[in-house]
file model00.json (JSON, C-alpha atoms)
[["chain", "number", "residue", "atom", "x", "y", "z"],
["A", 1, "MET", "CA", -27.47, 6.41, 0.49],
["A", 2, "ARG", "CA", -25.57, 9.27, 2.13],
["A", 3, "VAL", "CA", -21.84, 8.69, 2.59],
["A", 4, "ALA", "CA", -19.27, 10.48, 4.74],
["A", 5, "THR", "CA", -15.56, 9.78, 4.33],
["A", 6, "ILE", "CA", -12.65, 10.13, 6.71],
["A", 7, "THR", "CA", -9.06, 9.87, 5.55],
["A", 8, "VAL", "CA", -6.75, 9.03, 8.45],
["A", 9, "SER", "CA", -3.24, 10.38, 7.96],
["A", 10, "THR", "CA", -1.07, 12.47, 10.26],
["A", 11, "SER", "CA", 1.24, 13.49, 7.39],
["A", 12, "ARG", "CA", -1.65, 14.65, 5.20],
["A", 13, "THR", "CA", -3.24, 16.67, 8.02],
["A", 14, "ALA", "CA", 0.15, 18.36, 8.44],
["A", 15, "GLY", "CA", 0.14, 19.23, 4.74],
["A", 16, "ARG", "CA", 2.90, 16.80, 3.74],
["A", 17, "GLY", "CA", 2.31, 14.96, 0.47],
["A", 18, "ASP", "CA", -0.70, 14.71, -1.79],
["A", 19, "ASP", "CA", -3.93, 13.36, -0.35],
["A", 20, "ARG", "CA", -5.01, 10.81, -2.94],
["A", 21, "SER", "CA", -7.11, 8.70, -0.58],
["A", 22, "THR", "CA", -9.89, 11.27, -0.10],
["A", 23, "PRO", "CA", -10.58, 11.49, -3.86],
["A", 24, "ALA", "CA", -10.37, 7.67, -4.11],
["A", 25, "LEU", "CA", -13.00, 7.33, -1.36],
["A", 26, "ALA", "CA", -15.20, 9.87, -3.17],
["A", 27, "GLU", "CA", -14.85, 7.91, -6.41],
["A", 28, "TYR", "CA", -15.78, 4.71, -4.59],
["A", 29, "ALA", "CA", -18.86, 6.39, -3.07],
["A", 30, "HIS", "CA", -19.85, 7.49, -6.57],
["A", 31, "ALA", "CA", -19.45, 3.87, -7.79],
["A", 32, "LEU", "CA", -21.92, 2.86, -5.08],
["A", 33, "GLY", "CA", -24.42, 5.38, -6.45],
["A", 34, "ALA", "CA", -24.23, 7.20, -3.13],
["A", 35, "ARG", "CA", -24.34, 10.89, -2.34],
["A", 36, "LEU", "CA", -21.15, 12.17, -0.70],
["A", 37, "VAL", "CA", -22.17, 14.45, 2.17],
["A", 38, "SER", "CA", -18.86, 14.94, 3.97],
["A", 39, "SER", "CA", -15.11, 14.38, 3.51],
["A", 40, "GLU", "CA", -12.69, 14.85, 6.38],
["A", 41, "LEU", "CA", -9.00, 14.42, 7.11],
["A", 42, "VAL", "CA", -8.01, 13.25, 10.62],
["A", 43, "SER", "CA", -4.64, 12.50, 12.24],
["A", 44, "ASP", "CA", -3.65, 8.99, 13.33],
["A", 45, "ASP", "CA", -5.03, 9.58, 16.81],
["A", 46, "ARG", "CA", -7.42, 7.03, 18.30],
["A", 47, "ALA", "CA", -9.48, 9.53, 20.30],
["A", 48, "ALA", "CA", -9.72, 11.97, 17.37],
["A", 49, "ILE", "CA", -10.80, 9.25, 14.95],
["A", 50, "ALA", "CA", -13.40, 7.92, 17.41],
["A", 51, "ALA", "CA", -14.73, 11.42, 18.05],
["A", 52, "ARG", "CA", -15.24, 12.10, 14.34],
["A", 53, "LEU", "CA", -16.89, 8.70, 13.81],
["A", 54, "VAL", "CA", -19.31, 9.38, 16.67],
["A", 55, "ALA", "CA", -20.07, 12.92, 15.48],
["A", 56, "LEU", "CA", -20.79, 11.75, 11.94],
["A", 57, "ALA", "CA", -22.72, 8.61, 12.91],
["A", 58, "ASP", "CA", -24.82, 10.33, 15.54],
["A", 59, "GLY", "CA", -25.32, 13.52, 13.53],
["A", 60, "GLY", "CA", -28.06, 12.11, 11.31],
["A", 61, "THR", "CA", -26.45, 13.28, 8.08],
["A", 62, "CYS", "CA", -25.06, 9.98, 6.76],
["A", 63, "ASP", "CA", -25.93, 6.30, 6.45],
["A", 64, "LEU", "CA", -22.44, 5.02, 5.69],
["A", 65, "ILE", "CA", -18.97, 6.13, 6.82],
["A", 66, "LEU", "CA", -15.94, 5.03, 4.84],
["A", 67, "THR", "CA", -12.51, 5.48, 6.36],
["A", 68, "SER", "CA", -9.15, 5.12, 4.64],
["A", 69, "GLY", "CA", -5.83, 4.64, 6.36],
["A", 70, "GLY", "CA", -4.53, 3.54, 9.71],
["A", 71, "THR", "CA", -5.40, -0.13, 9.23],
["A", 72, "GLY", "CA", -1.89, -1.59, 8.96],
["A", 73, "MET", "CA", 0.57, -2.97, 11.48],
["A", 74, "ALA", "CA", 2.50, 0.21, 12.38],
["A", 75, "PRO", "CA", 2.13, 1.41, 15.98],
["A", 76, "SER", "CA", 0.38, 4.56, 14.71],
["A", 77, "ASP", "CA", -2.27, 2.52, 12.81],
["A", 78, "VAL", "CA", -5.20, 2.80, 15.22],
["A", 79, "THR", "CA", -8.25, 3.17, 12.97],
["A", 80, "PRO", "CA", -9.58, -0.35, 13.75],
["A", 81, "GLU", "CA", -9.27, 0.27, 17.50],
["A", 82, "ALA", "CA", -11.03, 3.64, 17.20],
["A", 83, "THR", "CA", -13.78, 2.03, 15.14],
["A", 84, "ARG", "CA", -14.26, -0.79, 17.65],
["A", 85, "ASP", "CA", -14.46, 1.85, 20.39],
["A", 86, "VAL", "CA", -17.60, 3.33, 18.81],
["A", 87, "ILE", "CA", -19.48, 0.56, 17.00],
["A", 88, "HIS", "CA", -22.31, -1.37, 18.64],
["A", 89, "ARG", "CA", -22.19, -4.42, 16.37],
["A", 90, "GLU", "CA", -19.32, -5.68, 14.23],
["A", 91, "ALA", "CA", -19.85, -6.91, 10.64],
["A", 92, "PRO", "CA", -16.82, -9.18, 10.22],
["A", 93, "GLY", "CA", -17.83, -10.58, 6.82],
["A", 94, "ILE", "CA", -17.36, -7.18, 5.22],
["A", 95, "ALA", "CA", -13.76, -6.83, 6.45],
["A", 96, "GLU", "CA", -13.04, -10.46, 5.53],
["A", 97, "ALA", "CA", -14.38, -9.96, 1.99],
["A", 98, "MET", "CA", -12.24, -6.84, 1.59],
["A", 99, "ARG", "CA", -9.08, -8.67, 2.66],
["A", 100, "LEU", "CA", -9.81, -11.55, 0.28],
["A", 101, "ALA", "CA", -10.45, -9.12, -2.58],
["A", 102, "SER", "CA", -7.01, -7.60, -1.92],
["A", 103, "LYS", "CA", -5.24, -10.95, -2.12],
["A", 104, "PRO", "CA", -4.75, -10.98, -5.92],
["A", 105, "HIS", "CA", -3.30, -7.45, -5.80],
["A", 106, "THR", "CA", -0.81, -7.54, -2.92],
["A", 107, "LYS", "CA", 1.12, -10.10, -0.94],
["A", 108, "TYR", "CA", 0.42, -7.97, 2.15],
["A", 109, "TRP", "CA", -3.37, -8.46, 2.01],
["A", 110, "MET", "CA", -3.47, -10.36, 5.29],
["A", 111, "MET", "CA", -1.82, -7.53, 7.19],
["A", 112, "SER", "CA", -4.85, -5.27, 6.85],
["A", 113, "ARG", "CA", -6.63, -4.97, 10.20],
["A", 114, "GLY", "CA", -9.64, -3.00, 8.99],
["A", 115, "VAL", "CA", -13.03, -3.66, 10.57],
["A", 116, "ALA", "CA", -16.64, -2.87, 9.76],
["A", 117, "GLY", "CA", -19.65, -2.45, 11.99],
["A", 118, "LEU", "CA", -22.74, -0.55, 12.95],
["A", 119, "ARG", "CA", -23.15, 2.41, 15.23],
["A", 120, "GLY", "CA", -26.92, 2.63, 15.50],
["A", 121, "ASP", "CA", -28.10, 2.54, 11.91],
["A", 122, "VAL", "CA", -24.85, 3.87, 10.41],
["A", 123, "LEU", "CA", -22.43, 1.39, 8.86],
["A", 124, "ILE", "CA", -18.72, 2.18, 9.30],
["A", 125, "ILE", "CA", -16.16, 0.48, 7.04],
["A", 126, "ASN", "CA", -12.36, 0.77, 7.30],
["A", 127, "PHE", "CA", -10.55, 0.76, 3.94],
["A", 128, "PRO", "CA", -6.80, 0.49, 3.39],
["A", 129, "GLY", "CA", -4.83, 3.72, 3.05],
["A", 130, "ASN", "CA", -3.48, 2.98, -0.42],
["A", 131, "PRO", "CA", -5.73, 4.83, -2.90],
["A", 132, "LYS", "CA", -5.55, 2.00, -5.46],
["A", 133, "ALA", "CA", -6.51, -0.51, -2.78],
["A", 134, "ILE", "CA", -9.78, 1.30, -2.02],
["A", 135, "ALA", "CA", -11.41, 0.18, -5.28],
["A", 136, "GLU", "CA", -9.71, -3.23, -5.16],
["A", 137, "ALA", "CA", -10.74, -4.05, -1.59],
["A", 138, "GLY", "CA", -14.17, -2.49, -2.00],
["A", 139, "ALA", "CA", -15.08, -4.33, -5.22],
["A", 140, "PRO", "CA", -17.06, -7.15, -3.55],
["A", 141, "LEU", "CA", -19.12, -4.64, -1.56],
["A", 142, "VAL", "CA", -20.47, -2.61, -4.49],
["A", 143, "ASP", "CA", -23.33, -5.02, -5.21],
["A", 144, "VAL", "CA", -24.23, -5.76, -1.58],
["A", 145, "LEU", "CA", -24.01, -2.48, 0.33],
["A", 146, "GLU", "CA", -27.35, -1.23, -0.95],
["A", 147, "HIS", "CA", -29.02, -4.42, 0.34],
["A", 148, "ALA", "CA", -27.14, -4.21, 3.64],
["A", 149, "MET", "CA", -28.22, -0.62, 4.16],
["A", 150, "ALA", "CA", -31.83, -1.48, 3.28],
["A", 151, "LEU", "CA", -31.79, -4.08, 6.06],
["A", 152, "VAL", "CA", -30.21, -1.68, 8.54],
["A", 153, "LEU", "CA", -32.70, 1.07, 7.74],
["A", 154, "GLU", "CA", -35.77, -1.20, 7.45],
["A", 155, "PRO", "CA", -38.83, 0.56, 8.92],
["A", 156, "GLY", "CA", -40.22, -0.96, 12.09],
["A", 157, "LEU", "CA", -36.89, -2.27, 13.36],
["A", 158, "SER", "CA", -35.25, -0.88, 16.45],
["A", 159, "HIS", "CA", -32.21, 1.21, 15.49],
["A", 160, "GLY", "CA", -29.79, 2.25, 18.15]]
call {"tool": "encode", "arguments": {"input": "model00.json", "output": "structure tokens"}}
result
Amino acid sequence: MRVATITVSTSRTAGRGDDRSTPALAEYAHALGARLVSSELVSDDRAAIAARLVALADGGTCDLILTSGGTGMAPSDVTPEATRDVIHREAPGIAEAMRLASKPHTKYWMMSRGVAGLRGDVLIINFPGNPKAIAEAGAPLVDVLEHAMALVLEPGLSHG
């Protein structure tokens, strides 16, 4: 499985603070047994996020895109909207499982607005921006993503 990651953070793209989410996404991809093919940093801008998702998903270089950041309640948190702008089919169970996995770790678990869905045969999953939360929220997906991707990429099915 080929994975691309996008960290969404205006402050990190401006060089303010340490970017700990990008390495956390890479570590999570490694836990999946996936090959990391791309890591990007994008500002909290709906059009910019959507453009990068489309370029990666349609570029043929990845099977899975993991985003981190921009999933909260602040006005600048637009990653879910950008993701919905570009996906063809939503996978709500993935986002629901991630929120439930966060519940034991934070009282704010229900405020995450992350989504997951397919653009063609590429699965896009929004993770929280907190680096620690990436592994926590993603824990229930580790054992099922390989199966999900096998279904998505099954030969003979129409992809697109």
call {"tool": "residues_around", "arguments": {"input": "model00.json", "residues": "Met98 of chain A", "least_positions_apart": "4", "cutoff": "8 Å", "atoms": "only C-alpha atoms", "output": "ChimeraX atom specification"}}
result
/A:94,102,137-141
call {"tool": "closest_residue", "arguments": {"input": "model00.json", "among": "A:Leu41, A:Ala150, A:Leu25, A:Leu36", "to": "Ile134 of chain A", "atoms": "only C-alpha atoms"}}
result
A:Leu25
call {"tool": "closest_residue", "arguments": {"input": "model00.json", "among": "A:Ile6, A:Ser112, A:Gly93, A:Gly60", "to": "Glu40 of chain A", "atoms": "only C-alpha atoms"}}
result
A:Ile6
call {"tool": "closest_residue", "arguments": {"input": "model00.json", "among": "A:Leu56, A:Ala135, A:Val122, A:Met111", "to": "Val152 of chain A", "atoms": "all atoms listed in the file"}}
result
A:Val122
call {"tool": "residues_around", "arguments": {"input": "model00.json", "residues": "Met149 of chain A", "least_positions_apart": "6", "cutoff": "10 Å", "atoms": "only C-alpha atoms", "output": "list in words"}}
result
Met1, Asp63, Leu64, Asp121, Val122 and Leu123 of chain A
call {"tool": "closest_residue", "arguments": {"input": "model00.json", "among": "A:Ile87, A:Ala116, A:Ala95, A:Asp44", "to": "Ala74 of chain A", "atoms": "only C-alpha atoms"}}
result
A:Asp44
call {"tool": "residues_near_point", "arguments": {"input": "model00.json", "point": "(-21.7, 6.3, -2.7)", "cutoff": "12 Å", "atoms": "only C-alpha atoms", "output": "VMD selection string"}}
result
chain A and resid 1 to 5 24 to 38 62 to 66 138 141 to 143 145 to 146 149
call {"tool": "axis_aligned_box", "arguments": {"input": "model00.json", "around": "segment 27-44 of chain A", "padding_each_side": "8 Å", "output": "lines of an AutoDock Vina configuration file"}}
result
center_x = -14.0
center_y = 8.9
center_z = 2.8
size_x = 36.8
size_y = 28.1
size_z = 37.1
call {"tool": "closest_residue", "arguments": {"input": "model00.json", "among": "A:Val54, A:Val8, A:Leu153, A:Ala148", "to": "Gly70 of chain A", "atoms": "all atoms listed in the file"}}
result
A:Val8
call {"tool": "atom_distance", "arguments": {"input": "model00.json", "atom1": "atom CA of Thr61 of chain A", "atom2": "atom CA of Ser11 of chain A"}}
result
27.7 Å
call {"tool": "residues_around", "arguments": {"input": "model00.json", "residues": "Thr83 of chain A", "least_positions_apart": "6", "cutoff": "12 Å", "atoms": "only C-alpha atoms", "output": "ChimeraX atom specification"}}
result
/A:6,8,45-54,57,65-68,70-71,77,89-91,113-119,123-127
call {"tool": "atom_distance", "arguments": {"input": "model00.json", "atom1": "atom CA of Arg12 of chain A", "atom2": "atom CA of Ala97 of chain A"}}
result
27.9 Å
call {"tool": "closest_residue", "arguments": {"input": "model00.json", "among": "A:Asn130, A:Thr79, A:Thr13, A:Ser21", "to": "Trp109 of chain A", "atoms": "all atoms listed in the file"}}
result
A:Asn130
call {"tool": "atom_distance", "arguments": {"input": "model00.json", "atom1": "atom CA of Thr7 of chain A", "atom2": "atom CA of Ser39 of chain A"}}
result
7.8 Å
call {"tool": "decode", "arguments": {"input": "model00.json", "residues": "segment 71-87 of chain A", "atoms": "C-alpha atoms", "output": "tab-separated table (two decimals), in the first residue's frame"}}
result
chain	number	residue	atom	x	y	z
A	71	THR	CA	-10.61	18.87	11.74
A	72	GLY	CA	-11.69	20.84	14.81
A	73	MET	CA	-14.29	23.52	15.44
A	74	ALA	CA	-12.23	26.66	14.76
A	75	PRO	CA	-13.31	28.74	11.75
A	76	SER	CA	-9.99	27.94	10.05
A	77	ASP	CA	-10.53	24.15	10.40
A	78	VAL	CA	-11.67	23.31	6.86
A	79	THR	CA	-10.04	19.95	6.12
A	80	PRO	CA	-13.35	18.01	6.28
A	81	GLU	CA	-15.00	20.45	3.87
A	82	ALA	CA	-12.06	20.25	1.46
A	83	THR	CA	-12.16	16.46	1.65
A	84	ARG	CA	-15.90	16.34	0.99
A	85	ASP	CA	-15.32	18.64	-1.99
A	86	VAL	CA	-13.17	15.99	-3.68
A	87	ILE	CA	-14.38	12.55	-2.58
